[in-house]
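Chemist: Quick one, model07.cif (mmCIF, C-alpha atoms):
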data_protein
#
loop_
_atom_site.label_atom_id
_atom_site.label_comp_id
_atom_site.auth_asym_id
_atom_site.auth_seq_id
_atom_site.Cartn_x
_atom_site.Cartn_y
_atom_site.Cartn_z
CA MET A 85 2.72 -10.11 -27.81
CA ALA A 86 0.16 -7.74 -29.30
CA PRO A 87 1.28 -5.67 -32.29
CA PRO A 88 2.19 -2.01 -31.62
CA VAL A 89 -0.73 0.39 -31.40
CA SER A 90 -0.64 3.48 -33.61
CA THR A 91 -0.95 6.56 -31.38
CA GLY A 92 0.69 9.90 -30.80
CA THR A 93 4.08 9.84 -29.06
CA THR A 94 4.00 7.78 -25.87
CA PRO A 95 6.73 6.99 -23.30
CA GLY A 96 8.81 4.13 -24.66
CA GLY A 97 6.45 3.85 -27.62
CA ARG A 98 3.84 2.04 -25.50
CA GLY A 99 0.25 2.82 -26.39
CA ARG A 100 -3.17 1.26 -25.82
CA PHE A 101 -5.54 3.73 -27.50
CA GLU A 102 -5.45 3.18 -31.25
CA GLY A 103 -5.52 6.40 -33.25
CA PHE A 104 -5.41 8.66 -30.20
CA ASP A 105 -3.15 11.72 -30.02
CA VAL A 106 -3.94 14.37 -27.42
CA LEU A 107 -2.46 17.04 -29.67
CA ASP A 108 -5.52 16.65 -31.86
CA GLN A 109 -7.32 18.51 -29.05
CA VAL A 110 -5.12 21.62 -29.21
CA ARG A 111 -7.80 23.60 -31.03
CA THR A 112 -10.25 23.05 -28.14
CA TRP A 113 -7.99 24.71 -25.54
CA ASP A 114 -7.86 28.41 -24.83
CA ASP A 115 -4.67 30.35 -25.56
CA GLU A 116 -3.27 30.15 -22.02
CA THR A 117 -3.89 26.42 -21.71
CA ARG A 118 -2.44 25.76 -25.15
CA ALA A 119 0.72 27.69 -24.31
CA VAL A 120 1.26 25.83 -21.03
CA VAL A 121 0.75 22.36 -22.54
CA LEU A 122 2.81 22.92 -25.68
CA ALA A 123 5.69 24.37 -23.65
CA ARG A 124 6.09 20.94 -22.06
CA LEU A 125 6.97 19.55 -25.50
CA GLY A 126 9.80 22.01 -26.06
CA PRO A 127 13.50 21.31 -25.45
CA PRO A 128 13.98 20.62 -21.72
CA PRO A 129 15.96 23.24 -19.82
CA ALA A 130 19.51 22.60 -18.67
CA PRO A 131 19.72 21.41 -15.05
CA THR A 132 20.32 24.16 -12.51
CA PHE A 133 19.51 22.51 -9.15
CA PHE A 134 21.38 19.20 -9.13
CA ASP A 135 25.13 18.88 -9.65
CA PRO A 136 26.41 16.34 -12.25
CA GLU A 137 26.75 13.45 -9.77
CA GLU A 138 23.30 14.08 -8.32
CA GLU A 139 21.90 14.35 -11.84
CA ALA A 140 23.29 10.94 -12.83
CA CYS A 141 21.80 9.34 -9.71
CA ALA A 142 18.44 11.11 -10.07
CA ARG A 143 18.06 10.13 -13.73
CA ALA A 144 18.62 6.46 -12.89
CA LEU A 145 16.26 6.62 -9.92
CA LEU A 146 13.45 8.27 -11.89
CA ASP A 147 13.82 5.83 -14.79
CA ARG A 148 13.44 2.89 -12.38
CA LEU A 149 10.50 4.42 -10.51
CA LEU A 150 8.59 5.08 -13.75
CA ALA A 151 9.84 2.09 -15.80
CA GLN A 152 11.15 4.44 -18.46
CA GLU A 153 13.59 1.95 -19.92
CA GLN A 154 13.77 3.24 -23.48
CA GLU A 155 13.21 6.30 -25.63
CA PRO A 156 11.19 8.37 -26.00
CA ARG A 157 11.29 9.35 -22.34
CA VAL A 158 9.20 12.01 -20.66
CA PRO A 159 11.85 14.50 -19.42
CA VAL A 160 10.97 13.88 -15.80
CA PHE A 161 14.43 14.66 -14.46
CA GLU A 162 14.47 18.10 -16.07
CA MET A 163 10.97 18.83 -14.76
CA VAL A 164 11.90 17.80 -11.21
CA ASP A 165 15.14 19.81 -11.38
CA ALA A 166 13.32 22.94 -12.61
CA ARG A 167 10.65 22.57 -9.93
CA LEU A 168 13.22 22.29 -7.14
CA ALA A 169 15.24 25.19 -8.55
CA ALA A 170 12.09 27.34 -8.46
CA GLY A 171 11.23 26.19 -4.93
CA ILE A 172 7.81 24.88 -5.98
CA GLY A 173 6.86 22.33 -3.34
CA ASP A 174 3.55 20.74 -2.40
CA GLY A 175 2.81 23.34 0.28
CA TRP A 176 3.52 20.86 3.07
CA ARG A 177 6.09 18.33 4.23
CA TYR A 178 6.39 15.68 6.90
CA ALA A 179 7.57 17.07 10.24
CA ASP A 180 10.45 14.58 10.33
CA MET A 181 11.67 15.50 6.83
CA PRO A 182 13.85 18.43 5.73
CA GLU A 183 12.83 20.83 2.97
CA ASP A 184 12.21 18.98 -0.30
CA GLY A 185 15.36 20.17 -2.04
CA ASP A 186 17.57 19.14 0.87
CA ALA A 187 15.71 15.81 1.17
CA TRP A 188 16.28 15.09 -2.52
CA ARG A 189 20.01 15.80 -2.28
CA ARG A 190 20.47 13.79 0.91
CA SER A 191 18.52 10.82 -0.43
CA LEU A 192 20.45 10.78 -3.72
CA HIS A 193 23.73 10.79 -1.81
CA GLY A 194 22.30 7.97 0.28
CA LEU A 195 21.56 5.93 -2.85
CA ASP A 196 25.15 6.38 -3.99
CA ARG A 197 26.49 5.31 -0.59
CA GLU A 198 24.20 2.27 -0.54
CA ALA A 199 25.26 1.26 -4.06
CA ARG A 200 28.94 1.64 -3.20
CA ARG A 201 28.53 -0.45 -0.06
CA ARG A 202 26.81 -3.23 -1.97
CA HIS A 203 28.42 -3.09 -5.39
CA GLY A 204 31.44 -0.82 -5.25
CA SER A 205 30.00 1.71 -7.71
CA PRO A 206 27.69 4.74 -7.55
CA PHE A 207 23.98 4.11 -8.05
CA CYS A 208 23.92 5.20 -11.69
CA ARG A 209 26.57 2.63 -12.64
CA VAL A 210 25.08 -0.53 -11.16
CA ASP A 211 22.72 -2.59 -13.29
CA PRO A 212 18.98 -1.83 -13.26
CA ALA A 213 18.12 -4.97 -11.27
CA ALA A 214 20.50 -3.90 -8.50
CA GLN A 215 19.08 -0.38 -8.60
CA LYS A 216 15.55 -1.76 -8.19
CA ASP A 217 16.70 -3.89 -5.26
CA ILE A 218 18.10 -0.84 -3.48
CA ILE A 219 14.92 1.16 -4.16
CA ASP A 220 12.78 -1.74 -2.90
CA GLY A 221 14.82 -1.73 0.30
CA VAL A 222 13.91 1.91 0.89
CA GLN A 223 10.25 1.31 0.10
CA ASP A 224 10.00 -1.72 2.40
CA ALA A 225 11.98 -0.34 5.34
CA ASP A 226 9.97 0.34 8.48
CA ASP A 227 12.48 2.70 10.08
CA GLU A 228 15.21 5.10 9.05
CA TRP A 229 17.32 4.82 5.94
CA GLU A 230 20.43 6.98 5.65
CA ALA A 231 19.27 9.03 8.67
CA LEU A 232 15.93 9.80 6.99
CA PRO A 233 12.52 8.13 7.49
CA ALA A 234 12.50 5.56 4.68
CA GLY A 235 8.78 5.65 3.94
CA HIS A 236 8.74 9.42 3.66
CA VAL A 237 11.77 9.38 1.37
CA PHE A 238 10.05 6.96 -1.00
CA ASP A 239 6.88 9.06 -0.86
CA LEU A 240 8.90 12.16 -1.78
CA TRP A 241 10.42 10.44 -4.81
CA MET A 242 7.07 9.15 -6.05
CA ARG A 243 5.22 12.45 -5.55
CA TYR A 244 7.69 14.35 -7.66
CA ALA A 245 8.11 11.59 -10.26
CA CYS A 246 4.39 11.06 -10.85
CA ALA A 247 3.51 14.76 -10.81
CA ALA A 248 6.08 15.39 -13.55
CA PHE A 249 5.33 12.29 -15.63
CA TYR A 250 1.55 12.69 -15.73
CA SER A 251 1.71 16.40 -16.52
CA HIS A 252 3.27 15.61 -19.91
CA PRO A 253 1.24 15.12 -23.12
CA TRP A 254 3.13 11.92 -24.00
CA ALA A 255 1.87 10.32 -20.78
CA TRP A 256 -1.64 11.52 -21.66
CA ASN A 257 -1.38 9.62 -24.95
CA GLU A 258 -0.44 6.50 -23.04
CA ILE A 259 -3.48 6.66 -20.76
CA GLY A 260 -5.94 8.07 -23.31
CA PHE A 261 -6.43 11.36 -21.45
CA GLY A 262 -7.68 14.24 -23.57
CA GLY A 263 -5.93 16.98 -21.64
CA PRO A 264 -7.55 19.97 -19.95
CA ALA A 265 -11.33 20.00 -20.37
CA TYR A 266 -11.54 23.77 -20.29
CA PRO A 267 -13.28 25.31 -22.11
CA ARG A 268 -14.47 22.22 -23.99
CA GLY A 269 -15.94 20.30 -21.07
CA TYR A 270 -17.43 16.81 -21.14
CA GLU A 271 -20.82 15.71 -22.48
CA ASN A 272 -20.99 11.91 -22.20
CA LEU A 273 -20.70 11.15 -18.51
CA GLY A 274 -21.11 7.62 -17.19
CA ILE A 275 -19.61 4.16 -17.23
CA ASP A 276 -18.46 2.97 -20.67
CA LYS A 277 -19.44 6.27 -22.30
CA ARG A 278 -16.92 8.09 -24.46
CA GLU A 279 -16.59 11.54 -25.92
CA ARG A 280 -16.33 11.83 -29.70
CA TRP A 281 -12.59 12.34 -29.42
CA GLU A 282 -11.94 9.39 -27.08
CA ARG A 283 -10.75 5.98 -28.29
CA PRO A 284 -11.45 2.52 -26.87
CA GLU A 285 -8.59 0.86 -25.04
CA ARG A 286 -6.88 -1.80 -27.14
CA ASP A 287 -6.05 -4.00 -24.13
CA SER A 288 -8.42 -3.13 -21.31
CA HIS A 289 -7.60 -5.83 -18.76
CA ASP A 290 -7.20 -4.48 -15.23
CA PRO A 291 -3.63 -4.98 -14.00
CA VAL A 292 -4.43 -4.26 -10.36
CA PRO A 293 -5.70 -7.72 -9.33
CA TRP A 294 -2.53 -9.32 -10.73
CA ALA A 295 -0.38 -6.80 -8.87
CA GLU A 296 -2.24 -7.48 -5.65
CA ARG A 297 -1.77 -11.24 -6.01
CA ALA A 298 1.91 -10.82 -6.81
CA GLU A 299 2.40 -8.63 -3.74
CA ALA A 300 0.55 -11.12 -1.54
CA ALA A 301 2.76 -13.91 -2.85
CA ARG A 302 5.89 -11.86 -2.18
CA ARG A 303 4.85 -11.17 1.41
CA ALA A 304 4.02 -14.83 1.95
CA HIS A 305 7.40 -15.86 0.56
CA GLU A 306 9.22 -13.46 2.91
CA ALA A 307 7.20 -14.44 5.97
CA PRO A 308 8.78 -16.95 8.41
CA PRO A 309 7.42 -20.50 8.13
CA PRO A 310 4.54 -21.27 10.55
CA GLU A 311 5.26 -23.17 13.73
CA PRO A 312 3.98 -26.78 13.90
CA GLY A 313 0.21 -26.71 14.27
CA GLU A 314 -0.01 -23.05 13.31
CA SER A 315 -2.15 -22.21 10.26
CA ARG A 316 -0.91 -19.81 7.60
CA PRO A 317 -2.74 -16.48 7.12
CA ALA A 318 -5.65 -16.52 4.71
CA GLY A 319 -4.43 -16.23 1.14
CA ALA A 320 -0.77 -16.80 2.05
CA ASP A 321 -0.61 -19.94 -0.08
CA GLU A 322 -2.04 -18.19 -3.11
CA GLY A 323 0.64 -17.10 -5.56
CA PRO A 324 0.11 -14.99 -8.67
CA ARG A 325 -2.33 -16.37 -11.21
CA PRO A 326 -3.06 -15.26 -14.77
CA ALA A 327 -5.13 -12.11 -15.03
CA GLY A 328 -8.82 -12.98 -15.24
CA ALA A 329 -8.41 -16.43 -13.69
CA ASP A 330 -11.42 -17.41 -11.59
CA ARG A 331 -11.05 -17.97 -7.88
CA ASP A 332 -12.99 -20.33 -5.66
CA THR A 333 -13.96 -17.78 -3.03
CA SER A 334 -15.89 -20.20 -0.86
CA ALA A 335 -12.93 -22.58 -0.70
CA ARG A 336 -10.60 -19.73 0.22
CA GLU A 337 -12.94 -18.59 3.01
CA GLU A 338 -13.18 -22.18 4.24
CA ARG A 339 -9.39 -22.41 4.45
CA ALA A 340 -9.24 -19.07 6.27
CA GLY A 341 -11.69 -20.30 8.86
CA SER A 342 -10.07 -23.68 9.41
#
Please express what this file holds, its structure, as structure tokens.

Modeler:
Amino acid sequence: MAPPVSTGTTPGGRGRFEGFDVLDQVRTWDDETRAVVLARLGPPPAPTFFDPEEEACARALLDRLLAQEQEPRVPVFEMVDARLAAGIGDGWRYADMPEDGDAWRRSLHGLDREARRRHGSPFCRVDPAAQKDIIDGVQDADDEWEALPAGHVFDLWMRYACAAFYSHPWAWNEIGFGGPAYPRGYENLGIDKRERWERPERDSHDPVPWAERAEAARRAHEAPPPEPGESRPAGADEGPRPAGADRDTSAREERAGS
């Protein structure tokens, strides 16, 4: 395991951009921008939208969705609660979904019911692996879940979770983002070009190919076995491989065409 990288505060203390702290850019922002960003670092407001049981469920859900397993945590729950209390939506919703606030409450109650059915306890009290399993069931469902369209419920959770998480300066430290470019702007545009204030990534491997291979392997594992004489789909026999491992593309295409 690589040694910790010295950065500004990051979620869970994870950082990849040595020496980077977005708060070093405060002097480049105008007064209004500075006030908005720094307010996100203040004490989070007390919840006003969710009741205590909903709060406990929502905190656990958001921690699992964002892999916030340890402190410091971006106060995503408080940001979601404040947004719902203020009625700040996305300006649209799916026709088969209720208003966002109602959808959040109904889906949280659904998580508690699902956890009680499976484990005899509310969602917040089952172990994280069981929580992830329940969430995966919602994500993978093709139809309704708890009288709501499962895919749209999962989309609702992720929209709110990611919007809150990536609006926070600690998340910017984690991804090496320098914050609002106004009025500073950018000068060095182009691939592999950096501004004076940017830092190179300590571990710059791309995690997406690994994730794609892992997902393909999971789907292949869950698929029914082929009938005698039936060939498996292309790539179905390819499980996850170490990031950066070479693939024999011609051999794979040959298998797909056989």

Chemist: Quick check on the file I pasted: which residues fall under the PyMOL selection byres ((chain A and resi 244-256) around 9)? Write them as number ranges by chain.

Modeler: A: 92-95, 105-107, 121-122, 124-125, 146, 149-150, 157-161, 163-164, 239-243, 257-263

Chemist: Dump C-alpha atoms for the selected residues as a PDB file, in the coordinates of the input?

Modeler:
ATOM      1  CA  GLY A  92       0.690   9.900 -30.800  1.00  0.00           C
ATOM      2  CA  THR A  93       4.080   9.840 -29.060  1.00  0.00           C
ATOM      3  CA  THR A  94       4.000   7.780 -25.870  1.00  0.00           C
ATOM      4  CA  PRO A  95       6.730   6.990 -23.300  1.00  0.00           C
ATOM      5  CA  ASP A 105      -3.150  11.720 -30.020  1.00  0.00           C
ATOM      6  CA  VAL A 106      -3.940  14.370 -27.420  1.00  0.00           C
ATOM      7  CA  LEU A 107      -2.460  17.040 -29.670  1.00  0.00           C
ATOM      8  CA  VAL A 121       0.750  22.360 -22.540  1.00  0.00           C
ATOM      9  CA  LEU A 122       2.810  22.920 -25.680  1.00  0.00           C
ATOM     10  CA  ARG A 124       6.090  20.940 -22.060  1.00  0.00           C
ATOM     11  CA  LEU A 125       6.970  19.550 -25.500  1.00  0.00           C
ATOM     12  CA  LEU A 146      13.450   8.270 -11.890  1.00  0.00           C
ATOM     13  CA  LEU A 149      10.500   4.420 -10.510  1.00  0.00           C
ATOM     14  CA  LEU A 150       8.590   5.080 -13.750  1.00  0.00           C
ATOM     15  CA  ARG A 157      11.290   9.350 -22.340  1.00  0.00           C
ATOM     16  CA  VAL A 158       9.200  12.010 -20.660  1.00  0.00           C
ATOM     17  CA  PRO A 159      11.850  14.500 -19.420  1.00  0.00           C
ATOM     18  CA  VAL A 160      10.970  13.880 -15.800  1.00  0.00           C
ATOM     19  CA  PHE A 161      14.430  14.660 -14.460  1.00  0.00           C
ATOM     20  CA  MET A 163      10.970  18.830 -14.760  1.00  0.00           C
ATOM     21  CA  VAL A 164      11.900  17.800 -11.210  1.00  0.00           C
ATOM     22  CA  ASP A 239       6.880   9.060  -0.860  1.00  0.00           C
ATOM     23  CA  LEU A 240       8.900  12.160  -1.780  1.00  0.00           C
ATOM     24  CA  TRP A 241      10.420  10.440  -4.810  1.00  0.00           C
ATOM     25  CA  MET A 242       7.070   9.150  -6.050  1.00  0.00           C
ATOM     26  CA  ARG A 243       5.220  12.450  -5.550  1.00  0.00           C
ATOM     27  CA  ASN A 257      -1.380   9.620 -24.950  1.00  0.00           C
ATOM     28  CA  GLU A 258      -0.440   6.500 -23.040  1.00  0.00           C
ATOM     29  CA  ILE A 259      -3.480   6.660 -20.760  1.00  0.00           C
ATOM     30  CA  GLY A 260      -5.940   8.070 -23.310  1.00  0.00           C
ATOM     31  CA  PHE A 261      -6.430  11.360 -21.450  1.00  0.00           C
ATOM     32  CA  GLY A 262      -7.680  14.240 -23.570  1.00  0.00           C
ATOM     33  CA  GLY A 263      -5.930  16.980 -21.640  1.00  0.00           C
TER      34      GLY A 263
END

Chemist: Please determine, counting all atoms listed in the file, which residue among A:Leu145, A:Ala213, A:Ala151, A:Leu168 has the shortest atom-to-atom distance to Gly194 in chain A.

Modeler: A:Leu145

Chemist: From the list A:Ser205, A:Thr91, A:Ser191, A:Asn272, which residue is nearest Ala142 in chain A when using all atoms listed in the file?

Modeler: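 Smallest distance to Ala142 in chain A is found for A:Ser191.
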
Chemist: In Å, rounded to a single decimal, give me how far CA of Asp217 in chain A is from CA of Arg201 in chain A.

Modeler: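 One can read the CA of Arg201 in chain A to CA of Asp217 in chain A distance as 13.4 Å.
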
Chemist: Smallest atom-to-atom distance to Ala214 in chain A: which of A:Gly103, A:Ala144, A:Ala304, A:Arg268, using all atoms listed in the file?

Modeler: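 Closest residue, counting all atoms listed in the file: A:Ala144.
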
Chemist: One decimal, Å: what's the distance from CA of Ala199 in chain A over to CA of Ile218 in chain A, could you say?

Modeler: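 Atom-to-atom, CA of Ala199 in chain A to CA of Ile218 in chain A, that is 7.5 Å.
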
Chemist: Mind pulling up the distance from CA of Asp147 in chain A to CA of His236 in chain A?

Modeler: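 Separating CA of His236 in chain A from CA of Asp147 in chain A is a distance of 19.5 Å.
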
Chemist: Give me, as number ranges by chain, all polymer residues having an atom no more than 9 Å from Leu232 in chain A, counting all atoms listed in the file and skipping those fewer than 2 positions away in the same chain.

Modeler: A: 180-182, 187, 190-191, 227-230, 234-237

Chemist: Name the residues that the PyMOL selection byres ((chain A and resi 102) around 7) pulls out of this structure, and write them as a PDB file with C-alpha atoms, in the frame of the given file.

Modeler:
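Saved the output as result.pdb:
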ATOM      1  CA  VAL A  89      -0.730   0.390 -31.400  1.00  0.00           C
ATOM      2  CA  SER A  90      -0.640   3.480 -33.610  1.00  0.00           C
ATOM      3  CA  THR A  91      -0.950   6.560 -31.380  1.00  0.00           C
ATOM      4  CA  ARG A 100      -3.170   1.260 -25.820  1.00  0.00           C
ATOM      5  CA  PHE A 101      -5.540   3.730 -27.500  1.00  0.00           C
ATOM      6  CA  GLY A 103      -5.520   6.400 -33.250  1.00  0.00           C
ATOM      7  CA  PHE A 104      -5.410   8.660 -30.200  1.00  0.00           C
ATOM      8  CA  ARG A 283     -10.750   5.980 -28.290  1.00  0.00           C
ATOM      9  CA  ARG A 286      -6.880  -1.800 -27.140  1.00  0.00           C
TER      10      ARG A 286
END

Chemist: Would you list the contacts of Ile172 in chain A as a list in words, taking every protein, DNA or RNA residue within 10 Å and counting only C-alpha atoms, but skipping same-chain residues closer than 5 positions in sequence?

Modeler: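 Answer for this query is Val164, Ala166, Arg167, Asp184 and Gly185 of chain A.
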
Chemist: Just checking: using only C-alpha atoms, which residue out of A:Pro233, A:Asp276, A:Asp115, A:Pro212 ends up closest to Ala179 in chain A?

Modeler: A:Pro233

Chemist: Compare A:Pro264, A:Gly99, A:Gly269, A:Pro206 by their minimum atom-to-atom distance to Val120 in chain A, counting all atoms listed in the file, and give me the closest one.

Modeler: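 For Val120 in chain A, the nearest of the candidates is A:Pro264.
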
Chemist: Out of A:Tyr270, A:Trp281, A:Arg98, A:Leu195, which residue has the shortest atom-to-atom distance to Lys216 in chain A when counting all atoms listed in the file?

Modeler: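 Checking each candidate against Lys216 in chain A, we get A:Leu195 as the closest.
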